[in-house]
$ cat entry-v9.cif   # mmCIF, C-alpha atoms
data_input
#
loop_
_atom_site.label_atom_id
_atom_site.label_comp_id
_atom_site.auth_asym_id
_atom_site.auth_seq_id
_atom_site.Cartn_x
_atom_site.Cartn_y
_atom_site.Cartn_z
CA MET A 1 36.65 -18.15 -27.19
CA SER A 2 34.77 -18.10 -30.53
CA PHE A 3 37.48 -16.45 -32.60
CA SER A 4 41.06 -17.63 -32.56
CA VAL A 5 43.99 -15.34 -33.30
CA LEU A 6 44.57 -17.24 -36.54
CA ASP A 7 40.98 -16.57 -37.65
CA VAL A 8 41.43 -12.85 -37.03
CA VAL A 9 44.79 -12.82 -38.85
CA SER A 10 43.30 -14.69 -41.83
CA PHE A 11 40.40 -12.23 -42.09
CA VAL A 12 42.75 -9.24 -41.93
CA CYS A 13 44.92 -10.85 -44.62
CA PHE A 14 41.83 -11.37 -46.79
CA PHE A 15 40.70 -7.76 -46.33
CA CYS A 16 44.19 -6.41 -47.11
CA CYS A 17 44.46 -8.62 -50.20
CA TRP A 18 41.16 -7.42 -51.65
CA VAL A 19 41.46 -3.71 -50.81
CA GLY A 20 45.19 -3.65 -51.46
CA TYR A 21 44.97 -5.33 -54.85
CA THR A 22 42.08 -3.09 -55.95
CA SER A 23 44.09 0.01 -55.04
CA PHE A 24 47.27 -1.39 -56.61
CA ALA A 25 45.55 -2.36 -59.87
CA ARG A 26 43.88 1.05 -60.17
CA ARG A 27 47.20 2.91 -59.74
CA LYS A 28 49.29 0.56 -61.88
CA ALA A 29 46.78 0.70 -64.75
CA LYS A 30 47.55 4.41 -65.14
CA THR A 31 51.19 3.76 -66.03
CA THR A 32 51.32 0.14 -67.27
CA ASN A 33 49.67 -1.61 -70.18
CA CYS A 34 47.05 -3.98 -68.84
CA ILE A 35 43.59 -5.21 -69.80
CA ALA A 36 41.83 -2.14 -68.41
CA ARG A 37 44.20 0.42 -69.97
CA SER A 38 44.44 -1.26 -73.37
CA LEU A 39 40.72 -1.97 -73.68
CA HIS A 40 39.95 1.66 -72.88
CA GLN A 41 42.00 2.68 -75.93
CA HIS A 42 40.12 0.12 -78.01
CA ARG A 43 36.81 1.54 -76.77
CA ILE A 44 37.82 5.05 -77.80
CA HIS A 45 38.72 3.77 -81.27
CA TRP A 46 35.45 1.81 -81.44
CA MET A 47 33.34 4.83 -80.56
CA ASN A 48 35.21 6.99 -83.07
CA GLU A 49 34.53 4.41 -85.76
CA LEU A 50 30.90 4.22 -84.69
CA MET A 51 30.45 7.92 -85.46
CA THR A 52 31.40 7.31 -89.10
CA ARG A 53 28.83 4.53 -89.61
CA GLU A 54 25.30 5.45 -90.55
CA ILE A 55 23.98 1.91 -89.88
CA ARG A 56 24.89 0.71 -86.38
CA VAL A 57 23.25 -2.69 -86.18
CA GLY A 58 26.60 -4.36 -85.47
CA GLU A 59 27.33 -2.06 -82.54
CA ALA A 60 23.87 -2.67 -81.11
CA ALA A 61 24.41 -6.44 -81.30
CA LEU A 62 27.82 -6.20 -79.62
CA LEU A 63 26.50 -4.03 -76.78
CA ALA A 64 23.52 -6.36 -76.32
CA ASN A 65 25.93 -9.30 -76.03
CA LEU A 66 27.94 -7.48 -73.35
CA GLU A 67 24.76 -6.73 -71.42
CA ARG A 68 23.68 -10.38 -71.66
CA ASN A 69 26.86 -11.51 -69.92
CA ILE A 70 26.26 -9.09 -67.05
CA THR A 71 22.59 -10.06 -66.78
CA PHE A 72 23.64 -13.70 -66.44
CA PHE A 73 25.92 -12.93 -63.51
CA ALA A 74 23.35 -10.65 -61.85
CA SER A 75 20.67 -13.35 -61.96
CA THR A 76 23.16 -16.03 -60.87
CA THR A 77 24.18 -13.87 -57.91
CA MET A 78 20.56 -13.80 -56.70
CA LEU A 79 20.47 -17.61 -56.80
CA VAL A 80 23.76 -17.86 -54.91
CA LEU A 81 22.45 -15.39 -52.32
CA ALA A 82 19.34 -17.51 -51.84
CA GLY A 83 21.55 -20.55 -51.24
CA VAL A 84 23.79 -18.77 -48.74
CA LEU A 85 20.83 -17.36 -46.81
CA THR A 86 19.30 -20.86 -46.67
CA LEU A 87 22.48 -22.11 -44.99
CA PHE A 88 21.80 -19.83 -42.01
CA ALA A 89 19.00 -22.23 -41.07
CA GLN A 90 21.29 -25.24 -41.55
CA VAL A 91 24.33 -24.18 -39.51
CA GLU A 92 24.29 -27.33 -37.38
CA ARG A 93 24.31 -29.55 -40.47
CA LEU A 94 27.12 -27.47 -41.97
CA GLU A 95 29.13 -27.89 -38.77
CA ALA A 96 28.61 -31.64 -38.90
CA VAL A 97 29.81 -31.81 -42.51
CA ILE A 98 32.92 -29.70 -41.78
CA ALA A 99 33.72 -31.85 -38.73
CA THR A 100 33.97 -34.94 -40.96
CA ILE A 101 36.61 -33.36 -43.24
CA PRO A 102 40.20 -34.41 -42.36
CA TYR A 103 42.47 -31.61 -41.03
CA ALA A 104 39.59 -29.10 -40.98
CA ALA A 105 39.48 -26.68 -38.06
CA THR A 106 36.95 -27.41 -35.34
CA PRO A 107 33.73 -25.66 -36.38
CA VAL A 108 32.37 -22.96 -34.04
CA HIS A 109 28.70 -22.03 -34.31
CA LEU A 110 29.14 -18.24 -34.09
CA LEU A 111 32.16 -18.25 -36.40
CA ILE A 112 30.25 -20.24 -39.03
CA GLN A 113 27.54 -17.57 -38.96
CA VAL A 114 30.15 -14.84 -39.36
CA LYS A 115 31.58 -16.63 -42.40
CA LEU A 116 28.12 -16.97 -43.94
CA ALA A 117 27.46 -13.30 -43.22
CA LEU A 118 30.71 -12.39 -45.00
CA LEU A 119 29.69 -14.45 -48.04
CA THR A 120 26.27 -12.76 -48.01
CA PHE A 121 27.89 -9.32 -47.92
CA ILE A 122 30.21 -10.20 -50.81
CA PHE A 123 27.41 -11.44 -53.06
CA VAL A 124 25.14 -8.50 -52.20
CA MET A 125 27.98 -6.19 -53.17
CA ALA A 126 28.55 -8.18 -56.39
CA PHE A 127 24.84 -7.86 -57.23
CA PHE A 128 24.98 -4.09 -56.82
CA GLN A 129 28.07 -3.94 -59.05
CA PHE A 130 26.48 -6.03 -61.81
CA THR A 131 23.21 -4.08 -61.79
CA TRP A 132 25.07 -0.76 -61.86
CA SER A 133 27.11 -2.03 -64.79
CA MET A 134 23.88 -2.97 -66.58
CA ARG A 135 22.50 0.52 -66.02
CA GLN A 136 25.67 2.14 -67.36
CA TYR A 137 25.44 0.04 -70.52
CA GLY A 138 21.87 1.29 -70.79
CA PHE A 139 23.17 4.86 -70.59
CA LEU A 140 25.66 4.03 -73.32
CA ASN A 141 22.88 2.70 -75.55
CA VAL A 142 21.07 6.02 -75.20
CA MET A 143 24.25 7.91 -76.13
CA VAL A 144 24.81 5.64 -79.14
CA GLY A 145 21.23 6.23 -80.24
CA ALA A 146 21.73 9.99 -79.94
CA ALA A 147 25.09 10.00 -81.75
CA PRO A 148 24.87 11.87 -85.08
CA PHE A 149 26.38 10.56 -88.29
CA ASP A 150 29.82 12.02 -89.07
CA PRO A 151 31.01 10.62 -92.42
CA SER A 152 34.25 12.61 -92.36
CA GLY A 153 35.24 11.61 -88.83
CA CYS A 154 36.98 14.99 -88.48
CA ASN A 155 34.48 16.88 -86.33
CA GLU A 156 36.33 17.62 -83.07
CA ASN A 157 33.11 18.13 -81.13
CA LEU A 158 31.83 14.71 -82.20
CA LYS A 159 35.22 13.17 -81.44
CA ASN A 160 34.83 14.45 -77.90
CA TYR A 161 31.31 12.95 -77.82
CA ALA A 162 32.76 9.61 -78.91
CA LYS A 163 35.34 9.85 -76.14
CA GLN A 164 32.61 10.43 -73.57
CA MET A 165 30.78 7.34 -74.84
CA ALA A 166 34.01 5.37 -74.41
CA ILE A 167 34.33 6.65 -70.84
CA VAL A 168 30.81 5.51 -69.98
CA GLN A 169 31.54 2.09 -71.48
CA ASP A 170 34.83 1.96 -69.59
CA GLN A 171 33.09 2.70 -66.29
CA ALA A 172 30.51 -0.01 -67.01
CA ALA A 173 33.31 -2.49 -67.72
CA HIS A 174 35.16 -1.53 -64.53
CA THR A 175 32.02 -2.07 -62.46
CA TYR A 176 31.51 -5.46 -64.12
CA ASN A 177 35.11 -6.32 -63.28
CA TYR A 178 34.55 -5.42 -59.62
CA GLY A 179 31.59 -7.79 -59.55
CA LEU A 180 33.69 -10.60 -61.03
CA ARG A 181 36.44 -9.84 -58.55
CA ALA A 182 33.93 -10.34 -55.73
CA TYR A 183 33.26 -13.84 -57.10
CA TYR A 184 36.98 -14.60 -57.09
CA PHE A 185 37.39 -13.55 -53.46
CA SER A 186 34.26 -15.41 -52.42
CA MET A 187 36.11 -18.59 -53.43
CA ALA A 188 38.78 -17.67 -50.90
CA VAL A 189 36.15 -17.14 -48.18
CA MET A 190 34.82 -20.65 -48.79
CA CYS A 191 38.24 -21.98 -47.79
CA TRP A 192 37.82 -20.30 -44.39
CA PHE A 193 35.11 -22.86 -43.56
CA PHE A 194 37.83 -25.53 -43.54
CA HIS A 195 40.86 -23.80 -42.04
CA PRO A 196 42.12 -20.20 -41.59
CA VAL A 197 45.56 -21.11 -43.02
CA LEU A 198 43.85 -22.33 -46.17
CA PHE A 199 41.91 -19.04 -46.19
CA ILE A 200 45.17 -17.06 -46.16
CA CYS A 201 46.67 -19.18 -48.94
CA ALA A 202 43.51 -18.87 -51.04
CA SER A 203 43.44 -15.07 -50.62
CA LEU A 204 47.04 -14.79 -51.80
CA PHE A 205 46.35 -17.18 -54.68
CA VAL A 206 43.39 -15.08 -55.83
CA VAL A 207 45.59 -11.96 -55.86
CA TYR A 208 48.26 -13.81 -57.83
CA THR A 209 45.67 -15.11 -60.32
CA LEU A 210 44.11 -11.68 -60.83
CA TYR A 211 47.51 -10.04 -61.30
CA ARG A 212 48.65 -12.64 -63.84
CA ARG A 213 45.43 -12.35 -65.84
CA GLU A 214 45.15 -8.56 -65.79
CA PHE A 215 48.81 -7.65 -66.30
CA LYS A 216 50.85 -10.62 -67.56
CA SER A 217 48.55 -12.88 -69.57
CA LYS A 218 48.85 -13.59 -73.31
CA ALA A 219 45.50 -11.88 -73.78
CA VAL A 220 46.96 -8.66 -72.35
CA MET A 221 49.93 -8.84 -74.72
CA ALA A 222 47.65 -9.44 -77.72
CA ILE A 223 45.27 -6.61 -76.75
CA THR A 224 48.20 -4.25 -76.19
CA ALA A 225 49.76 -5.18 -79.54
CA GLY A 226 46.42 -4.59 -81.21
CA MET A 227 46.15 -1.18 -79.56
CA GLN A 228 49.60 -0.24 -80.83
CA ALA A 229 48.72 -1.42 -84.35
CA LEU A 230 45.59 0.74 -84.31
CA ALA A 231 47.59 3.74 -83.10
CA ILE A 232 50.08 3.31 -85.97
CA GLU A 233 47.25 2.97 -88.48
CA GLN A 234 45.50 6.08 -87.18
CA GLU A 235 48.75 8.03 -87.43
CA ARG A 236 49.23 6.82 -91.02
CA VAL A 237 45.69 7.81 -92.00
CA SER A 238 46.01 11.24 -90.38
CA LYS A 239 49.16 11.97 -92.41
CA HIS A 240 47.27 11.32 -95.62
#
$ encode --input "entry-v9.cif" --output "structure tokens"
Amino acid sequence: MSFSVLDVVSFVCFFCCWVGYTSFARRKAKTTNCIARSLHQHRIHWMNELMTREIRVGEAALLANLERNITFFASTTMLVLAGVLTLFAQVERLEAVIATIPYAATPVHLLIQVKLALLTFIFVMAFFQFTWSMRQYGFLNVMVGAAPFDPSGCNENLKNYAKQMAIVQDQAAHTYNYGLRAYYFSMAVMCWFFHPVLFICASLFVVYTLYRREFKSKAVMAITAGMQALAIEQERVSKH
């Protein structure tokens, strides 16, 4: 038998961890301060401030820097994909290497190919996420270029336009995050090559790491505090 019960259980655990955490994070972000929720508020404030600036060189540089990060991961993903696809022609060598590792599960030819196929699928999906994020940042650049100058910052129609720009940026950031999340879970899949129990542990560890960083990290607390400070300042300015 090519697939043991433990292999099937580990794959189901992996799938539930990825899909379950994505669904959990999306729902929890609507009611709890986290990186996604707090940064969205910062983006709205940023786009509102952008409308009041006639010269937007700084914004252009910041957006270009964000796009550069995504471009790096998109190009890196292509290189990783090339490496994984090359391994399909070296399955026997890979089996021999795994067989020399202490406590590793006995390698099975068909199962190794399934694991490589899973890695290929993950990185293809990551590539699509990164390229879509790049395109959305391109859309945002067009909207920034079309944004009129509003020195007063009181035009409600232009405030709504700024909010729409923030939404586009937020969607681009979410897509980028999904691509990064694929990289995290690919690390768990690599553990499957050694043992399915290690695969289960790695999947759970990835979920724990993502949760800590997105909801409980010091960066989240600082970003949330900054958001609250901006809200207080905006309220003070509006009263005057």
$ resolve_selection --input "entry-v9.cif" --expression "the PyMOL selection byres ((chain A and resi 95) around 8)" --output "PyMOL selection string"
chain A and resi 91-94+96-99+107-109+112
$ residues_around --input "entry-v9.cif" --residues "segment 10-13 of chain A" --least-positions-apart "3" --cutoff "8 Å" --atoms "only C-alpha atoms" --output "PDB file with C-alpha atoms, keeping the file's coordinate frame"
ATOM      1  CA  LEU A   6      44.570 -17.240 -36.540  1.00  0.00           C
ATOM      2  CA  ASP A   7      40.980 -16.570 -37.650  1.00  0.00           C
ATOM      3  CA  CYS A  16      44.190  -6.410 -47.110  1.00  0.00           C
ATOM      4  CA  CYS A  17      44.460  -8.620 -50.200  1.00  0.00           C
ATOM      5  CA  PRO A 196      42.120 -20.200 -41.590  1.00  0.00           C
ATOM      6  CA  VAL A 197      45.560 -21.110 -43.020  1.00  0.00           C
ATOM      7  CA  PHE A 199      41.910 -19.040 -46.190  1.00  0.00           C
ATOM      8  CA  ILE A 200      45.170 -17.060 -46.160  1.00  0.00           C
ATOM      9  CA  SER A 203      43.440 -15.070 -50.620  1.00  0.00           C
TER      10      SER A 203
END
$ closest_residue --input "entry-v9.cif" --among "A:Ala29, A:Met51, A:Ala231, A:Val19" --to "Phe215 of chain A" --atoms "only C-alpha atoms"
A:Ala29
$ atom_distance --input "entry-v9.cif" --atom1 "atom CA of Gly138 of chain A" --atom2 "atom CA of Trp18 of chain A"
28.5 Å
$ closest_residue --input "entry-v9.cif" --among "A:Thr120, A:Asn157, A:Ser238, A:Asn48" --to "Met190 of chain A" --atoms "only C-alpha atoms"
A:Thr120
$ atom_distance --input "entry-v9.cif" --atom1 "atom CA of Gly58 of chain A" --atom2 "atom CA of Ala147 of chain A"
14.9 Å
$ atom_distance --input "entry-v9.cif" --atom1 "atom CA of Tyr137 of chain A" --atom2 "atom CA of Ser186 of chain A"
25.4 Å
$ resolve_selection --input "entry-v9.cif" --expression "the PyMOL selection byres ((chain A and resi 139) around 12)" --output "count of residues only"
24
$ closest_residue --input "entry-v9.cif" --among "A:Gly226, A:Pro148, A:Gly179, A:Pro102" --to "Gln129 of chain A" --atoms "all atoms listed in the file"
A:Gly179
$ residues_around --input "entry-v9.cif" --residues "Tyr184 of chain A" --least-positions-apart "6" --cutoff "12 Å" --atoms "only C-alpha atoms" --output "list in words"
Phe14, Cys17, Trp18, Leu119, Ile122, Phe123, Ala126, Asn177, Tyr178, Met190, Cys191, Ala202, Ser203, Leu204, Phe205, Val206, Val207, Tyr208, Thr209 and Leu210 of chain A
$ closest_residue --input "entry-v9.cif" --among "A:Lys163, A:His174, A:Lys218, A:Arg27" --to "Gln41 of chain A" --atoms "all atoms listed in the file"
A:Lys163
$ residues_around --input "entry-v9.cif" --residues "Phe121 of chain A" --least-positions-apart "2" --cutoff "12 Å" --atoms "only C-alpha atoms" --output "PyMOL selection string"
chain A and resi 77+80-81+84-85+114-119+123-128+182-183+185-186+189
$ closest_residue --input "entry-v9.cif" --among "A:Phe194, A:Tyr103, A:Phe149, A:Trp46" --to "Asp170 of chain A" --atoms "only C-alpha atoms"
A:Trp46
$ closest_residue --input "entry-v9.cif" --among "A:Ala105, A:Ala188, A:Ala36, A:Thr31" --to "Cys201 of chain A" --atoms "only C-alpha atoms"
A:Ala188
$ resolve_selection --input "entry-v9.cif" --expression "the PyMOL selection byres ((chain A and resi 227) around 10)" --output "mmCIF file with C-alpha atoms, in the frame of the given file"
data_model
loop_
_atom_site.group_PDB
_atom_site.id
_atom_site.type_symbol
_atom_site.label_atom_id
_atom_site.label_comp_id
_atom_site.auth_asym_id
_atom_site.auth_seq_id
_atom_site.Cartn_x
_atom_site.Cartn_y
_atom_site.Cartn_z
ATOM 1 C CA ARG A 37 44.200 0.420 -69.970
ATOM 2 C CA SER A 38 44.440 -1.260 -73.370
ATOM 3 C CA LEU A 39 40.720 -1.970 -73.680
ATOM 4 C CA HIS A 40 39.950 1.660 -72.880
ATOM 5 C CA GLN A 41 42.000 2.680 -75.930
ATOM 6 C CA HIS A 42 40.120 0.120 -78.010
ATOM 7 C CA HIS A 45 38.720 3.770 -81.270
ATOM 8 C CA MET A 221 49.930 -8.840 -74.720
ATOM 9 C CA ALA A 222 47.650 -9.440 -77.720
ATOM 10 C CA ILE A 223 45.270 -6.610 -76.750
ATOM 11 C CA THR A 224 48.200 -4.250 -76.190
ATOM 12 C CA ALA A 225 49.760 -5.180 -79.540
ATOM 13 C CA GLY A 226 46.420 -4.590 -81.210
ATOM 14 C CA GLN A 228 49.600 -0.240 -80.830
ATOM 15 C CA ALA A 229 48.720 -1.420 -84.350
ATOM 16 C CA LEU A 230 45.590 0.740 -84.310
ATOM 17 C CA ALA A 231 47.590 3.740 -83.100
ATOM 18 C CA ILE A 232 50.080 3.310 -85.970
ATOM 19 C CA GLU A 233 47.250 2.970 -88.480
#
$ build_atoms --input "entry-v9.cif" --residues "segment 97-126 of chain A" --atoms "N, CA and C atoms" --output "PDB file, in the frame of the given file"
ATOM      1  N   VAL A  97      29.100 -31.468 -41.270  1.00  0.00           N
ATOM      2  CA  VAL A  97      29.810 -31.810 -42.510  1.00  0.00           C
ATOM      3  C   VAL A  97      31.277 -31.405 -42.404  1.00  0.00           C
ATOM      4  N   ILE A  98      31.538 -30.192 -41.900  1.00  0.00           N
ATOM      5  CA  ILE A  98      32.920 -29.700 -41.780  1.00  0.00           C
ATOM      6  C   ILE A  98      33.708 -30.575 -40.799  1.00  0.00           C
ATOM      7  N   ALA A  99      33.043 -31.028 -39.743  1.00  0.00           N
ATOM      8  CA  ALA A  99      33.720 -31.850 -38.730  1.00  0.00           C
ATOM      9  C   ALA A  99      34.187 -33.191 -39.278  1.00  0.00           C
ATOM     10  N   THR A 100      33.573 -33.646 -40.373  1.00  0.00           N
ATOM     11  CA  THR A 100      33.970 -34.940 -40.960  1.00  0.00           C
ATOM     12  C   THR A 100      35.140 -34.802 -41.933  1.00  0.00           C
ATOM     13  N   ILE A 101      35.520 -33.581 -42.274  1.00  0.00           N
ATOM     14  CA  ILE A 101      36.610 -33.360 -43.240  1.00  0.00           C
ATOM     15  C   ILE A 101      37.958 -33.454 -42.525  1.00  0.00           C
ATOM     16  N   PRO A 102      38.877 -34.280 -43.004  1.00  0.00           N
ATOM     17  CA  PRO A 102      40.200 -34.410 -42.360  1.00  0.00           C
ATOM     18  C   PRO A 102      40.961 -33.079 -42.343  1.00  0.00           C
ATOM     19  N   TYR A 103      41.623 -32.787 -41.234  1.00  0.00           N
ATOM     20  CA  TYR A 103      42.470 -31.610 -41.030  1.00  0.00           C
ATOM     21  C   TYR A 103      41.697 -30.292 -40.993  1.00  0.00           C
ATOM     22  N   ALA A 104      40.374 -30.334 -41.073  1.00  0.00           N
ATOM     23  CA  ALA A 104      39.590 -29.100 -40.980  1.00  0.00           C
ATOM     24  C   ALA A 104      39.586 -28.604 -39.542  1.00  0.00           C
ATOM     25  N   ALA A 105      39.533 -27.266 -39.397  1.00  0.00           N
ATOM     26  CA  ALA A 105      39.480 -26.680 -38.060  1.00  0.00           C
ATOM     27  C   ALA A 105      38.154 -27.031 -37.394  1.00  0.00           C
ATOM     28  N   THR A 106      38.179 -27.092 -36.077  1.00  0.00           N
ATOM     29  CA  THR A 106      36.950 -27.410 -35.340  1.00  0.00           C
ATOM     30  C   THR A 106      35.904 -26.316 -35.572  1.00  0.00           C
ATOM     31  N   PRO A 107      34.738 -26.678 -36.078  1.00  0.00           N
ATOM     32  CA  PRO A 107      33.730 -25.660 -36.380  1.00  0.00           C
ATOM     33  C   PRO A 107      33.148 -25.041 -35.111  1.00  0.00           C
ATOM     34  N   VAL A 108      32.969 -23.708 -35.147  1.00  0.00           N
ATOM     35  CA  VAL A 108      32.370 -22.960 -34.040  1.00  0.00           C
ATOM     36  C   VAL A 108      31.104 -22.304 -34.558  1.00  0.00           C
ATOM     37  N   HIS A 109      30.015 -22.464 -33.838  1.00  0.00           N
ATOM     38  CA  HIS A 109      28.700 -22.030 -34.310  1.00  0.00           C
ATOM     39  C   HIS A 109      28.702 -20.540 -34.710  1.00  0.00           C
ATOM     40  N   LEU A 110      29.161 -19.678 -33.811  1.00  0.00           N
ATOM     41  CA  LEU A 110      29.140 -18.240 -34.090  1.00  0.00           C
ATOM     42  C   LEU A 110      30.053 -17.888 -35.257  1.00  0.00           C
ATOM     43  N   LEU A 111      31.212 -18.543 -35.321  1.00  0.00           N
ATOM     44  CA  LEU A 111      32.160 -18.250 -36.400  1.00  0.00           C
ATOM     45  C   LEU A 111      31.606 -18.688 -37.756  1.00  0.00           C
ATOM     46  N   ILE A 112      30.879 -19.803 -37.783  1.00  0.00           N
ATOM     47  CA  ILE A 112      30.250 -20.240 -39.030  1.00  0.00           C
ATOM     48  C   ILE A 112      29.256 -19.189 -39.510  1.00  0.00           C
ATOM     49  N   GLN A 113      28.497 -18.617 -38.601  1.00  0.00           N
ATOM     50  CA  GLN A 113      27.540 -17.570 -38.960  1.00  0.00           C
ATOM     51  C   GLN A 113      28.242 -16.321 -39.485  1.00  0.00           C
ATOM     52  N   VAL A 114      29.376 -15.992 -38.886  1.00  0.00           N
ATOM     53  CA  VAL A 114      30.150 -14.840 -39.360  1.00  0.00           C
ATOM     54  C   VAL A 114      30.646 -15.082 -40.793  1.00  0.00           C
ATOM     55  N   LYS A 115      31.096 -16.290 -41.051  1.00  0.00           N
ATOM     56  CA  LYS A 115      31.580 -16.630 -42.400  1.00  0.00           C
ATOM     57  C   LYS A 115      30.441 -16.558 -43.419  1.00  0.00           C
ATOM     58  N   LEU A 116      29.275 -17.054 -43.038  1.00  0.00           N
ATOM     59  CA  LEU A 116      28.120 -16.970 -43.940  1.00  0.00           C
ATOM     60  C   LEU A 116      27.701 -15.520 -44.152  1.00  0.00           C
ATOM     61  N   ALA A 117      27.792 -14.722 -43.095  1.00  0.00           N
ATOM     62  CA  ALA A 117      27.460 -13.300 -43.220  1.00  0.00           C
ATOM     63  C   ALA A 117      28.432 -12.600 -44.172  1.00  0.00           C
ATOM     64  N   LEU A 118      29.714 -12.970 -44.096  1.00  0.00           N
ATOM     65  CA  LEU A 118      30.710 -12.390 -45.000  1.00  0.00           C
ATOM     66  C   LEU A 118      30.406 -12.764 -46.449  1.00  0.00           C
ATOM     67  N   LEU A 119      30.066 -14.024 -46.685  1.00  0.00           N
ATOM     68  CA  LEU A 119      29.690 -14.450 -48.040  1.00  0.00           C
ATOM     69  C   LEU A 119      28.463 -13.687 -48.531  1.00  0.00           C
ATOM     70  N   THR A 120      27.481 -13.506 -47.641  1.00  0.00           N
ATOM     71  CA  THR A 120      26.270 -12.760 -48.010  1.00  0.00           C
ATOM     72  C   THR A 120      26.617 -11.333 -48.410  1.00  0.00           C
ATOM     73  N   PHE A 121      27.471 -10.692 -47.620  1.00  0.00           N
ATOM     74  CA  PHE A 121      27.890  -9.320 -47.920  1.00  0.00           C
ATOM     75  C   PHE A 121      28.584  -9.244 -49.275  1.00  0.00           C
ATOM     76  N   ILE A 122      29.463 -10.201 -49.549  1.00  0.00           N
ATOM     77  CA  ILE A 122      30.210 -10.200 -50.810  1.00  0.00           C
ATOM     78  C   ILE A 122      29.267 -10.325 -52.005  1.00  0.00           C
ATOM     79  N   PHE A 123      28.300 -11.234 -51.926  1.00  0.00           N
ATOM     80  CA  PHE A 123      27.410 -11.440 -53.060  1.00  0.00           C
ATOM     81  C   PHE A 123      26.387 -10.309 -53.208  1.00  0.00           C
ATOM     82  N   VAL A 124      25.995  -9.693 -52.102  1.00  0.00           N
ATOM     83  CA  VAL A 124      25.140  -8.500 -52.200  1.00  0.00           C
ATOM     84  C   VAL A 124      25.894  -7.387 -52.915  1.00  0.00           C
ATOM     85  N   MET A 125      27.168  -7.201 -52.525  1.00  0.00           N
ATOM     86  CA  MET A 125      27.980  -6.190 -53.170  1.00  0.00           C
ATOM     87  C   MET A 125      28.178  -6.504 -54.652  1.00  0.00           C
ATOM     88  N   ALA A 126      28.392  -7.776 -54.990  1.00  0.00           N
ATOM     89  CA  ALA A 126      28.550  -8.180 -56.390  1.00  0.00           C
ATOM     90  C   ALA A 126      27.273  -7.882 -57.174  1.00  0.00           C
TER      91      ALA A 126
END
